[in-house]
file my_file.cif (mmCIF, C-alpha atoms and all ligand atoms)
data_structure
loop_
_atom_site.label_atom_id
_atom_site.label_comp_id
_atom_site.auth_asym_id
_atom_site.auth_seq_id
_atom_site.Cartn_x
_atom_site.Cartn_y
_atom_site.Cartn_z
CA MET A 1 142.12 85.71 115.92
CA LYS A 2 140.18 86.80 112.88
CA LYS A 3 136.47 87.19 113.55
CA ILE A 4 134.22 84.93 111.49
CA GLY A 5 131.60 86.88 109.52
CA LEU A 6 127.88 86.37 110.04
CA LEU A 7 127.29 84.46 106.81
CA PRO A 8 129.99 81.81 107.42
CA GLN A 9 128.70 81.51 111.00
CA ILE A 10 125.19 80.89 109.69
CA LEU A 11 126.43 78.30 107.21
CA ILE A 12 128.40 76.50 109.90
CA ALA A 13 125.31 76.46 112.16
CA PHE A 14 123.27 75.13 109.28
CA VAL A 15 125.56 72.20 108.56
CA ALA A 16 126.11 71.54 112.26
CA ALA A 17 122.34 71.37 112.80
CA ILE A 18 121.89 68.76 110.09
CA ILE A 19 124.78 66.66 111.38
CA ALA A 20 123.64 66.96 115.01
CA GLY A 21 120.07 66.03 114.02
CA ILE A 22 121.23 62.90 112.25
CA VAL A 23 123.72 61.89 114.94
CA PHE A 24 121.66 62.56 118.06
CA GLY A 25 118.18 61.81 116.71
CA SER A 26 115.25 63.00 118.78
CA SER A 27 117.41 63.69 121.86
CA ILE A 28 118.73 66.81 120.13
CA SER A 29 115.35 68.38 121.01
CA VAL A 30 117.09 69.73 124.13
CA VAL A 31 118.33 72.61 121.99
CA GLU A 32 114.78 73.54 120.98
CA PRO A 33 114.54 76.44 123.49
CA LEU A 34 117.37 78.17 121.59
CA GLY A 35 115.24 78.06 118.45
CA THR A 36 112.16 79.25 120.31
CA LEU A 37 114.14 82.07 121.89
CA PHE A 38 115.27 83.28 118.47
CA LEU A 39 111.81 82.87 116.94
CA ARG A 40 110.15 84.86 119.70
CA LEU A 41 112.78 87.58 119.40
CA ILE A 42 112.15 88.09 115.71
CA GLN A 43 108.40 87.70 116.09
CA PHE A 44 108.15 90.40 118.69
CA ILE A 45 109.37 93.07 116.32
CA ILE A 46 107.15 92.14 113.37
CA VAL A 47 104.02 94.17 114.16
CA PRO A 48 105.74 97.44 115.10
CA LEU A 49 108.21 96.93 112.25
CA ILE A 50 105.60 96.38 109.54
CA LEU A 51 103.47 99.26 110.81
CA SER A 52 106.24 101.81 111.11
CA SER A 53 108.23 100.84 108.03
CA LEU A 54 105.17 100.74 105.77
CA VAL A 55 103.83 104.07 107.04
CA VAL A 56 107.24 105.64 106.41
CA GLY A 57 107.61 103.80 103.09
CA VAL A 58 104.28 105.10 101.82
CA ALA A 59 104.59 108.61 103.25
CA SER A 60 108.12 109.07 101.93
CA THR A 61 107.05 108.38 98.35
CA GLY A 62 105.91 111.99 98.52
CA SER A 63 102.91 111.88 96.23
CA MET A 64 99.99 109.65 95.36
CA LYS A 65 101.31 109.45 91.83
CA THR A 66 104.66 108.00 92.90
CA LEU A 67 102.95 105.66 95.32
CA GLY A 68 100.62 104.39 92.62
CA ARG A 69 103.56 103.87 90.29
CA ILE A 70 105.69 101.95 92.80
CA GLY A 71 102.68 99.95 94.03
CA GLY A 72 101.65 99.07 90.49
CA LYS A 73 105.15 97.97 89.48
CA THR A 74 105.52 95.90 92.65
CA ILE A 75 102.26 94.04 92.13
CA VAL A 76 102.90 93.35 88.44
CA TYR A 77 106.44 92.12 89.15
CA TYR A 78 105.30 89.81 91.94
CA LEU A 79 102.40 88.45 89.87
CA VAL A 80 104.62 87.65 86.90
CA THR A 81 107.24 85.81 88.99
CA THR A 82 104.48 83.87 90.75
CA LEU A 83 103.03 82.77 87.42
CA ILE A 84 106.47 81.64 86.25
CA ALA A 85 106.89 79.72 89.51
CA VAL A 86 103.59 77.80 89.16
CA SER A 87 104.47 76.97 85.58
CA ILE A 88 107.87 75.60 86.65
CA GLY A 89 106.08 73.60 89.37
CA LEU A 90 103.63 72.10 86.89
CA LEU A 91 106.38 71.36 84.41
CA ALA A 92 108.52 69.65 87.06
CA GLY A 93 105.46 67.75 88.33
CA SER A 94 104.68 66.37 84.89
CA LEU A 95 108.28 65.67 83.93
CA PHE A 96 109.19 63.71 87.06
CA SER A 97 105.69 62.49 88.05
CA PRO A 98 106.49 62.18 91.76
CA GLY A 99 103.02 60.72 92.50
CA THR A 100 103.13 57.79 90.12
CA GLY A 101 103.27 54.54 92.05
CA VAL A 102 102.70 56.13 95.46
CA ASP A 103 100.50 54.06 97.77
CA ILE A 104 97.91 56.50 99.01
CA SER A 105 96.06 53.87 101.05
CA SER A 106 98.81 54.12 103.67
CA ALA A 107 97.75 57.68 104.35
CA GLY A 108 95.96 58.37 107.60
CA GLU A 109 92.82 60.40 108.07
CA ALA A 110 92.79 63.56 106.03
CA PRO A 111 92.19 66.68 108.03
CA GLU A 112 88.94 68.51 107.41
CA ALA A 113 89.10 71.04 104.64
CA LYS A 114 89.09 74.47 106.16
CA ASP A 115 86.28 76.74 105.15
CA THR A 116 88.18 79.74 103.91
CA GLY A 117 84.96 81.62 103.05
CA GLY A 118 84.14 83.20 99.73
CA ILE A 119 86.52 85.47 97.88
CA VAL A 120 84.34 88.50 98.72
CA ASP A 121 84.63 87.76 102.44
CA ILE A 122 88.37 87.31 102.18
CA LEU A 123 88.72 90.69 100.47
CA LEU A 124 86.35 92.47 102.86
CA ASN A 125 88.25 91.05 105.80
CA ILE A 126 91.36 92.98 104.79
CA ILE A 127 89.64 96.16 105.99
CA PRO A 128 89.97 96.34 109.76
CA THR A 129 86.97 97.61 111.71
CA ASN A 130 89.31 98.30 114.59
CA PRO A 131 92.97 98.74 113.63
CA ILE A 132 94.12 98.56 117.23
CA GLU A 133 92.60 95.10 117.45
CA SER A 134 94.39 94.11 114.22
CA LEU A 135 97.65 95.25 115.78
CA SER A 136 97.09 93.33 118.98
CA SER A 137 96.03 90.15 117.21
CA GLY A 138 98.79 90.48 114.61
CA ASN A 139 96.52 90.36 111.56
CA ILE A 140 99.16 91.23 108.98
CA LEU A 141 96.89 92.01 106.02
CA GLN A 142 94.76 94.35 108.13
CA ILE A 143 97.90 95.99 109.53
CA ILE A 144 99.16 96.56 105.99
CA PHE A 145 95.84 98.15 105.06
CA PHE A 146 95.96 100.42 108.10
CA ALA A 147 99.60 101.37 107.50
CA LEU A 148 98.99 102.12 103.80
CA PHE A 149 96.14 104.45 104.69
CA LEU A 150 98.06 106.13 107.49
CA GLY A 151 100.89 106.78 105.05
CA VAL A 152 98.50 108.10 102.42
CA GLY A 153 96.83 110.30 105.04
CA ILE A 154 100.17 111.74 106.14
CA THR A 155 101.01 112.56 102.51
CA MET A 156 97.64 114.27 102.00
CA VAL A 157 97.77 116.32 105.21
CA GLY A 158 101.32 117.54 104.63
CA GLU A 159 103.11 119.74 107.13
CA LYS A 160 100.69 119.32 110.02
CA ALA A 161 101.21 115.56 109.96
CA ASP A 162 105.00 115.95 110.19
CA PRO A 163 105.25 114.97 113.87
CA VAL A 164 103.34 111.75 113.14
CA TYR A 165 105.68 110.99 110.25
CA ARG A 166 108.72 111.62 112.40
CA PHE A 167 107.30 109.41 115.14
CA PHE A 168 106.94 106.45 112.78
CA ASP A 169 110.30 107.18 111.20
CA GLY A 170 111.91 107.06 114.63
CA LEU A 171 110.02 103.90 115.54
CA ALA A 172 111.14 102.23 112.31
CA GLU A 173 114.76 103.17 113.02
CA ILE A 174 114.48 101.68 116.50
CA MET A 175 113.04 98.47 115.08
CA TYR A 176 115.88 98.23 112.55
CA LYS A 177 118.40 98.63 115.36
CA ILE A 178 116.73 95.92 117.42
CA THR A 179 116.76 93.67 114.34
CA TRP A 180 120.46 94.34 113.92
CA VAL A 181 121.08 93.15 117.48
CA ILE A 182 118.89 90.07 117.07
CA MET A 183 120.62 89.14 113.81
CA LYS A 184 123.75 88.34 115.75
CA LEU A 185 121.81 85.40 117.21
CA ILE A 186 120.85 83.93 113.83
CA PRO A 187 123.41 81.09 113.94
CA ILE A 188 122.21 79.96 117.38
CA GLY A 189 118.59 80.30 116.27
CA ILE A 190 119.12 78.29 113.12
CA PHE A 191 120.83 75.52 115.03
CA GLY A 192 118.05 75.44 117.63
CA LEU A 193 115.32 75.37 114.99
CA LEU A 194 116.77 73.01 112.45
CA ALA A 195 118.53 70.31 114.51
CA PRO A 196 115.36 69.19 116.36
CA ILE A 197 113.38 68.92 113.10
CA ILE A 198 116.05 66.76 111.46
CA GLY A 199 116.42 64.79 114.70
CA GLU A 200 112.69 64.19 115.12
CA TYR A 201 111.71 63.36 111.58
CA GLY A 202 115.00 61.78 110.65
CA LEU A 203 115.70 61.05 107.06
CA SER A 204 113.56 57.88 107.22
CA VAL A 205 110.26 59.78 107.25
CA LEU A 206 111.45 61.40 104.09
CA LEU A 207 112.19 58.21 102.18
CA PRO A 208 108.73 57.19 100.90
CA LEU A 209 108.07 60.69 99.63
CA ILE A 210 111.64 61.60 98.84
CA LYS A 211 110.73 62.08 95.19
CA LEU A 212 108.05 64.66 95.97
CA VAL A 213 110.34 66.62 98.31
CA THR A 214 113.20 66.42 95.82
CA VAL A 215 111.06 67.65 92.93
CA VAL A 216 109.82 70.63 94.99
CA ALA A 217 113.37 71.39 96.15
CA ILE A 218 114.88 71.17 92.67
CA ALA A 219 112.08 73.21 91.11
CA CYS A 220 112.57 75.91 93.77
CA ILE A 221 116.29 75.99 93.08
CA VAL A 222 115.72 76.12 89.30
CA HIS A 223 113.26 79.00 89.75
CA ALA A 224 115.76 80.87 91.94
CA VAL A 225 118.77 80.23 89.72
CA PHE A 226 117.04 81.09 86.46
CA THR A 227 114.14 83.44 87.10
CA TYR A 228 115.80 85.40 89.91
CA SER A 229 119.21 85.58 88.29
CA ILE A 230 117.70 86.86 85.06
CA ALA A 231 115.48 89.34 86.92
CA VAL A 232 118.22 90.85 89.08
CA LYS A 233 120.69 90.86 86.20
CA THR A 234 118.50 92.40 83.51
CA LEU A 235 116.00 94.47 85.47
CA GLY A 236 118.00 95.07 88.64
CA LYS A 237 121.41 95.50 86.98
CA MET A 238 123.04 93.51 89.77
CA SER A 239 125.29 90.48 89.57
CA PRO A 240 123.27 87.40 90.62
CA LEU A 241 126.21 86.21 92.71
CA LYS A 242 126.23 89.44 94.70
CA PHE A 243 122.48 89.16 95.09
CA PHE A 244 122.40 85.58 96.38
CA LYS A 245 125.32 86.20 98.72
CA GLY A 246 123.77 89.38 100.07
CA ILE A 247 120.36 87.90 100.68
CA ALA A 248 121.71 84.58 102.04
CA PRO A 249 121.13 85.44 105.72
CA ALA A 250 117.43 85.98 104.99
CA THR A 251 117.19 82.90 102.75
CA LEU A 252 118.70 80.70 105.45
CA VAL A 253 116.58 82.17 108.23
CA ALA A 254 113.51 81.57 106.04
CA PHE A 255 114.64 77.98 105.46
CA SER A 256 115.00 77.42 109.21
CA THR A 257 111.91 79.27 110.45
CA GLN A 258 109.58 78.44 107.53
CA SER A 259 108.02 81.86 107.96
CA SER A 260 108.27 84.75 105.50
CA SER A 261 106.70 87.14 107.98
CA GLY A 262 109.05 86.02 110.72
CA THR A 263 112.03 86.52 108.43
CA LEU A 264 110.95 90.01 107.36
CA PRO A 265 113.23 91.95 109.71
CA VAL A 266 116.25 90.02 108.40
CA THR A 267 115.08 90.41 104.79
CA ILE A 268 114.83 94.19 105.15
CA GLN A 269 118.19 94.42 106.85
CA SER A 270 119.96 92.23 104.27
CA ALA A 271 118.37 94.06 101.33
CA GLU A 272 119.46 97.44 102.65
CA ASP A 273 122.88 96.62 104.05
CA ASN A 274 124.09 94.02 101.57
CA LEU A 275 122.20 94.83 98.38
CA GLY A 276 122.06 98.59 98.71
CA VAL A 277 118.28 98.81 98.31
CA SER A 278 117.02 102.20 99.50
CA LYS A 279 114.98 102.30 102.68
CA ARG A 280 112.12 104.00 100.83
CA ILE A 281 111.70 100.97 98.55
CA SER A 282 112.57 98.15 100.95
CA SER A 283 110.17 99.40 103.59
CA PHE A 284 107.34 99.35 101.10
CA VAL A 285 108.10 96.43 98.77
CA LEU A 286 109.34 93.87 101.31
CA PRO A 287 106.46 93.87 103.84
CA LEU A 288 104.06 93.63 100.89
CA GLY A 289 106.13 90.84 99.36
CA ALA A 290 106.29 88.87 102.61
CA THR A 291 102.51 88.81 102.62
CA ILE A 292 101.42 88.52 99.00
CA ASN A 293 104.39 87.19 97.07
CA MET A 294 104.94 83.46 97.51
CA ASP A 295 106.68 81.95 94.51
CA GLY A 296 107.82 78.88 96.40
CA THR A 297 104.32 78.24 97.70
CA SER A 298 102.67 78.56 94.30
CA LEU A 299 105.29 76.27 92.79
CA TYR A 300 104.67 73.76 95.57
CA LEU A 301 100.91 73.94 95.00
CA GLY A 302 101.50 73.06 91.35
CA VAL A 303 103.74 70.08 92.12
CA ALA A 304 101.60 68.79 95.02
CA THR A 305 98.39 68.97 92.97
CA LEU A 306 99.95 66.96 90.17
CA PHE A 307 101.37 64.56 92.75
CA THR A 308 97.87 63.92 94.11
CA ALA A 309 96.36 63.50 90.67
CA GLN A 310 99.12 61.07 89.68
CA ALA A 311 98.83 59.07 92.90
CA TYR A 312 95.10 58.59 92.23
CA GLY A 313 95.58 58.01 88.53
CA VAL A 314 93.53 61.09 87.63
CA GLU A 315 94.38 62.73 84.32
CA LEU A 316 94.08 66.52 84.50
CA SER A 317 92.82 68.25 81.38
CA PHE A 318 94.47 71.38 79.98
CA SER A 319 91.70 73.59 81.30
CA GLN A 320 92.07 72.00 84.73
CA LEU A 321 95.79 72.76 84.60
CA LEU A 322 94.96 76.37 83.82
CA LEU A 323 92.64 76.33 86.81
CA VAL A 324 95.57 75.08 88.94
CA VAL A 325 97.66 78.02 87.72
CA LEU A 326 94.89 80.43 88.63
CA ILE A 327 94.11 79.05 92.08
CA ALA A 328 97.75 78.44 92.95
CA THR A 329 98.52 82.07 92.08
CA LEU A 330 95.57 83.49 94.00
CA GLY A 331 96.06 80.94 96.77
CA SER A 332 99.70 81.88 97.23
CA ILE A 333 98.71 85.54 97.50
CA GLY A 334 96.24 84.64 100.22
CA THR A 335 98.69 82.38 102.07
CA ALA A 336 99.94 83.79 105.35
CA GLY A 337 103.70 83.91 105.78
CA VAL A 338 103.67 81.37 108.60
CA PRO A 339 104.82 77.73 108.78
CA GLY A 340 102.52 75.23 107.13
CA ALA A 341 100.16 77.77 105.60
CA GLY A 342 100.79 76.37 102.12
CA LEU A 343 99.38 72.99 103.18
CA VAL A 344 96.07 74.64 104.09
CA MET A 345 96.04 76.26 100.66
CA LEU A 346 96.67 72.87 99.08
CA MET A 347 93.36 71.71 100.58
CA LEU A 348 91.66 74.59 98.83
CA VAL A 349 93.24 73.69 95.50
CA LEU A 350 92.42 69.98 95.81
CA THR A 351 88.84 70.74 96.85
CA THR A 352 88.36 73.06 93.89
CA LEU A 353 89.60 70.37 91.53
CA ASN A 354 87.53 67.66 93.24
CA LEU A 355 90.66 65.68 94.06
CA PRO A 356 90.64 63.44 97.16
CA LEU A 357 91.83 65.18 100.31
CA GLU A 358 93.36 62.01 101.77
CA ALA A 359 96.59 62.88 99.98
CA ILE A 360 97.00 65.74 102.44
CA ALA A 361 97.59 63.28 105.27
CA LEU A 362 100.44 61.74 103.34
CA ILE A 363 101.95 65.02 102.23
CA ALA A 364 101.65 66.50 105.73
CA GLY A 365 104.31 64.04 106.96
CA VAL A 366 106.98 65.66 104.82
CA ASP A 367 105.47 69.11 104.42
CA ARG A 368 107.93 70.65 106.84
CA PHE A 369 110.80 69.88 104.50
CA MET A 370 109.03 71.32 101.48
CA ASP A 371 108.09 74.33 103.60
CA MET A 372 111.80 75.01 104.12
CA PHE A 373 112.46 75.22 100.41
CA ARG A 374 109.33 77.14 99.51
CA THR A 375 109.76 79.71 102.27
CA ALA A 376 113.41 80.25 101.32
CA THR A 377 112.21 80.80 97.74
CA ASN A 378 109.39 83.11 98.85
CA VAL A 379 111.76 85.36 100.78
CA THR A 380 114.46 85.39 98.10
CA GLY A 381 111.77 86.28 95.56
CA ASP A 382 110.58 89.18 97.72
CA ALA A 383 114.11 90.53 97.76
CA THR A 384 114.47 90.33 93.97
CA GLY A 385 111.36 92.55 93.84
CA ALA A 386 113.05 95.10 96.09
CA VAL A 387 116.21 95.12 93.92
CA VAL A 388 114.26 95.41 90.66
CA ILE A 389 111.86 98.13 91.83
CA ASP A 390 114.68 100.05 93.52
CA ARG A 391 116.65 100.06 90.30
CA SER A 392 113.71 101.17 88.18
CA GLU A 393 112.95 104.00 90.61
CA THR A 394 116.56 105.22 90.58
CA LYS A 395 116.35 105.26 86.81
CA GLN A 396 113.05 107.12 86.99
CA ASP A 397 114.52 109.66 89.42
CA SER A 398 117.60 110.32 87.32
CA GLY A 399 115.35 110.56 84.25
CA THR A 400 113.14 113.11 85.98
CA ASN A 401 116.16 115.09 87.13
CA ALA A 402 117.64 115.05 83.65
CA ASN A 403 114.31 116.27 82.29
CA LYS A 404 114.23 119.01 84.90
CA ALA A 405 117.77 120.01 83.98
CA THR A 406 117.05 120.21 80.29
CA GLY A 407 113.50 121.50 80.62
N1 LIG B 501 105.72 78.97 105.18
C1 LIG B 501 105.51 79.73 103.98
C2 LIG B 501 105.96 81.16 104.19
O1 LIG B 501 105.96 81.65 105.29
C3 LIG B 501 104.11 79.69 103.52
C4 LIG B 501 103.77 78.30 103.12
O2 LIG B 501 103.47 77.48 103.98
O3 LIG B 501 103.85 77.99 101.93
O4 LIG B 501 106.32 81.81 103.26
#

call {"tool": "encode", "arguments": {"input": "my_file.cif", "output": "structure tokens"}}
result
Amino acid sequence: MKKIGLLPQILIAFVAAIIAGIVFGSSISVVEPLGTLFLRLIQFIIVPLILSSLVVGVASTGSMKTLGRIGGKTIVYYLVTTLIAVSIGLLAGSLFSPGTGVDISSAGEAPEAKDTGGIVDILLNIIPTNPIESLSSGNILQIIFFALFLGVGITMVGEKADPVYRFFDGLAEIMYKITWVIMKLIPIGIFGLLAPIIGEYGLSVLLPLIKLVTVVAIACIVHAVFTYSIAVKTLGKMSPLKFFKGIAPATLVAFSTQSSSGTLPVTIQSAEDNLGVSKRISSFVLPLGATINMDGTSLYLGVATLFTAQAYGVELSFSQLLLVVLIATLGSIGTAGVPGAGLVMLMLVLTTLNLPLEAIALIAGVDRFMDMFRTATNVTGDATGAVVIDRSETKQDSGTNANKATG
């Protein structure tokens, strides 16, 4: 018998989960441990994976100049795609006005707005006072900071730091291997994660807010089909079809886990194995992307803010819309790659615009579904960054070599 490939297996699990959820309703929750098993397996590699792959990614750039160049390009690329995403979100929100006619009074108590602290505190908090504590508590931003500096330090020290470099290189290889093993369980994991959600919420919870969820879903798909296709085609010189097919395992895991960070091992593996991105670039660009690049989330923040304004009959001025773009962009950078984090950011946006927080209670009921689409978009967007930066670096390298040859 011919073996079924991983991607078809994942797709079958995906469809089976939706059907099983609808057919068996909440009793399908018996399969939940399968989802938890998979989630825990991918979560347990995240901290060592991010640390080792980023240290190696930074150290293998070879010089501060190259590092600065790759880092700069990565941040600019991610910022631009995020801005496009919020704009698509705002456009879709005004075109389809999902909030018009929604009865907000049916919403329950709104949760308290979280005090996220001032921007200065948020930035200062990225610097760990004790990196070992950051590792043990899994504070991703602090781990990234630590790893970046370790990598920079290794580059500056040179030969004497070689054993440390080789240690992290070996650790990263081990983590990739473990990921490879765990990836075989993706179909089971997806089934275990998705079926209980569909079974519990059913499609009926969706109905009152179906328009909101649909607008977010369609806008995410539009952003992926247009922005990402154009980016990988023109800047990455790759066929969009090849790209979407290659990254599909990560996109579907993101959809099912609603966690960019949790999906990271699969994203790295898919980018390297299926899209041919070099390890040097993927190990640097993808962990950064999983933490700071959230196109789906920023798009969602745009749509959900307009939804709230429409539901309350508040007209937003042009300058307020610009403010939405700004906070949604910054907010999405600050959003953690974990389930539901975007909803917390929505509170921040609504508070800043003085919009009533009660809408959160209503949106929270269907947030899970929007989280699926935005996380899938976030992860796919991270991968486009890896393809684009990888391509531009190959060009740079061949340019430098050509210069060397002629010079
Ligand atoms: N769940 C999203 C992610 O991990 C973040 C969000 O809630 O928007 O990318």

call {"tool": "residues_around", "arguments": {"input": "my_file.cif", "residues": "segment 299-312 of chain A", "least_positions_apart": "6", "cutoff": "8 Å", "atoms": "all atoms listed in the file", "output": "PyMOL selection string"}}
result
chain A and resi 82+85-90+92-94+97-104+212+215-216+219-220+324-325+328+342+345-346+349-350+355-356+359+370+374

call {"tool": "atom_distance", "arguments": {"input": "my_file.cif", "atom1": "atom CA of Leu275 of chain A", "atom2": "atom CA of Val387 of chain A"}}
result
7.5 Å

call {"tool": "atom_distance", "arguments": {"input": "my_file.cif", "atom1": "atom CA of Ala376 of chain A", "atom2": "atom CA of Val253 of chain A"}}
result
7.8 Å

call {"tool": "residues_around", "arguments": {"input": "my_file.cif", "residues": "Tyr77 of chain A", "least_positions_apart": "6", "cutoff": "10 Å", "atoms": "only C-alpha atoms", "output": "PyMOL selection string"}}
result
chain A and resi 71+231+293+382+384-385+388-389

call {"tool": "residues_around", "arguments": {"input": "my_file.cif", "residues": "Gly35 of chain A", "least_positions_apart": "3", "cutoff": "6 Å", "atoms": "all atoms listed in the file", "output": "JSON list (two decimals) with C-alpha atoms, in the frame of the given file"}}
result
[["chain", "number", "residue", "atom", "x", "y", "z"],
["A", 32, "GLU", "CA", 114.78, 73.54, 120.98],
["A", 38, "PHE", "CA", 115.27, 83.28, 118.47],
["A", 189, "GLY", "CA", 118.59, 80.30, 116.27],
["A", 192, "GLY", "CA", 118.05, 75.44, 117.63],
["A", 193, "LEU", "CA", 115.32, 75.37, 114.99]]

call {"tool": "closest_residue", "arguments": {"input": "my_file.cif", "among": "A:Thr267, A:Pro287, A:Asn274, A:Ser261", "to": "ligand LIG 501 (chain B)", "atoms": "all atoms listed in the file"}}
result
A:Ser261

call {"tool": "residues_near_ligand", "arguments": {"input": "my_file.cif", "ligand": "ligand LIG 501 (chain B)", "cutoff": "7 Å", "atoms": "only C-alpha atoms and all ligand atoms", "output": "NGL selection string"}}
result
:A and (258-261 or 294 or 296-297 or 335-343 or 371 or 374-375 or 378-379)

call {"tool": "closest_residue", "arguments": {"input": "my_file.cif", "among": "A:Ala248, A:Ala161, A:Ile143, A:Ala16", "to": "Ile198 of chain A", "atoms": "all atoms listed in the file"}}
result
A:Ala16

call {"tool": "atom_distance", "arguments": {"input": "my_file.cif", "atom1": "atom CA of Leu235 of chain A", "atom2": "atom CA of Thr377 of chain A"}}
result
18.8 Å

call {"tool": "closest_residue", "arguments": {"input": "my_file.cif", "among": "A:Ser26, A:Thr214, A:Thr329, A:Thr380", "to": "Asp367 of chain A", "atoms": "only C-alpha atoms"}}
result
A:Thr214

call {"tool": "residues_around", "arguments": {"input": "my_file.cif", "residues": "Ala20 of chain A", "least_positions_apart": "2", "cutoff": "12 Å", "atoms": "only C-alpha atoms", "output": "PyMOL selection string"}}
result
chain A and resi 12-18+22-31+191-200+202

call {"tool": "closest_residue", "arguments": {"input": "my_file.cif", "among": "A:Val55, A:Ala217, A:Leu348, A:Ile360", "to": "Thr155 of chain A", "atoms": "all atoms listed in the file"}}
result
A:Val55

call {"tool": "residues_around", "arguments": {"input": "my_file.cif", "residues": "Leu51 of chain A", "least_positions_apart": "6", "cutoff": "12 Å", "atoms": "all atoms listed in the file", "output": "PyMOL selection string"}}
result
chain A and resi 45+57-58+131-132+134-136+138-151+165+167-169+171-172+175+283-284+287-288

call {"tool": "closest_residue", "arguments": {"input": "my_file.cif", "among": "A:Tyr176, A:Val232, A:Ser256, A:Ser239", "to": "Ala383 of chain A", "atoms": "only C-alpha atoms"}}
result
A:Val232

call {"tool": "closest_residue", "arguments": {"input": "my_file.cif", "among": "A:Arg69, A:Ile210, A:Ile84, A:Leu39", "to": "Leu326 of chain A", "atoms": "all atoms listed in the file"}}
result
A:Ile84

call {"tool": "build_atoms", "arguments": {"input": "my_file.cif", "residues": "segment 33-50 of chain A", "atoms": "N, CA and C atoms", "output": "short mmCIF file (atom, residue, chain, number, x, y, z; two decimals), in the frame of the given file"}}
result
data_model
loop_
_atom_site.label_atom_id
_atom_site.label_comp_id
_atom_site.auth_asym_id
_atom_site.auth_seq_id
_atom_site.Cartn_x
_atom_site.Cartn_y
_atom_site.Cartn_z
N PRO A 33 114.76 75.09 122.92
CA PRO A 33 114.54 76.44 123.49
C PRO A 33 115.36 77.52 122.81
N LEU A 34 116.55 77.17 122.30
CA LEU A 34 117.37 78.17 121.59
C LEU A 34 116.64 78.66 120.35
N GLY A 35 116.00 77.70 119.64
CA GLY A 35 115.24 78.06 118.45
C GLY A 35 114.04 78.92 118.82
N THR A 36 113.34 78.50 119.88
CA THR A 36 112.16 79.25 120.31
C THR A 36 112.54 80.66 120.73
N LEU A 37 113.66 80.76 121.44
CA LEU A 37 114.14 82.07 121.89
C LEU A 37 114.32 83.00 120.69
N PHE A 38 115.00 82.48 119.66
CA PHE A 38 115.27 83.28 118.47
C PHE A 38 113.97 83.66 117.75
N LEU A 39 113.08 82.65 117.63
CA LEU A 39 111.81 82.87 116.94
C LEU A 39 110.99 83.96 117.63
N ARG A 40 110.94 83.87 118.96
CA ARG A 40 110.15 84.86 119.70
C ARG A 40 110.78 86.25 119.56
N LEU A 41 112.11 86.28 119.55
CA LEU A 41 112.78 87.58 119.40
C LEU A 41 112.46 88.23 118.06
N ILE A 42 112.45 87.42 116.98
CA ILE A 42 112.15 88.09 115.71
C ILE A 42 110.65 88.33 115.57
N GLN A 43 109.85 87.47 116.22
CA GLN A 43 108.40 87.70 116.09
C GLN A 43 107.96 88.97 116.81
N PHE A 44 108.65 89.28 117.89
CA PHE A 44 108.15 90.40 118.69
C PHE A 44 108.35 91.74 118.02
N ILE A 45 109.22 91.78 117.01
CA ILE A 45 109.37 93.07 116.32
C ILE A 45 108.49 93.20 115.08
N ILE A 46 107.85 92.09 114.66
CA ILE A 46 107.15 92.14 113.37
C ILE A 46 106.08 93.22 113.29
N VAL A 47 105.15 93.22 114.26
CA VAL A 47 104.02 94.17 114.16
C VAL A 47 104.48 95.63 114.17
N PRO A 48 105.28 96.05 115.17
CA PRO A 48 105.74 97.44 115.10
C PRO A 48 106.60 97.73 113.87
N LEU A 49 107.35 96.72 113.42
CA LEU A 49 108.21 96.93 112.25
C LEU A 49 107.39 97.14 110.98
N ILE A 50 106.41 96.25 110.75
CA ILE A 50 105.60 96.38 109.54
C ILE A 50 104.86 97.71 109.57
#
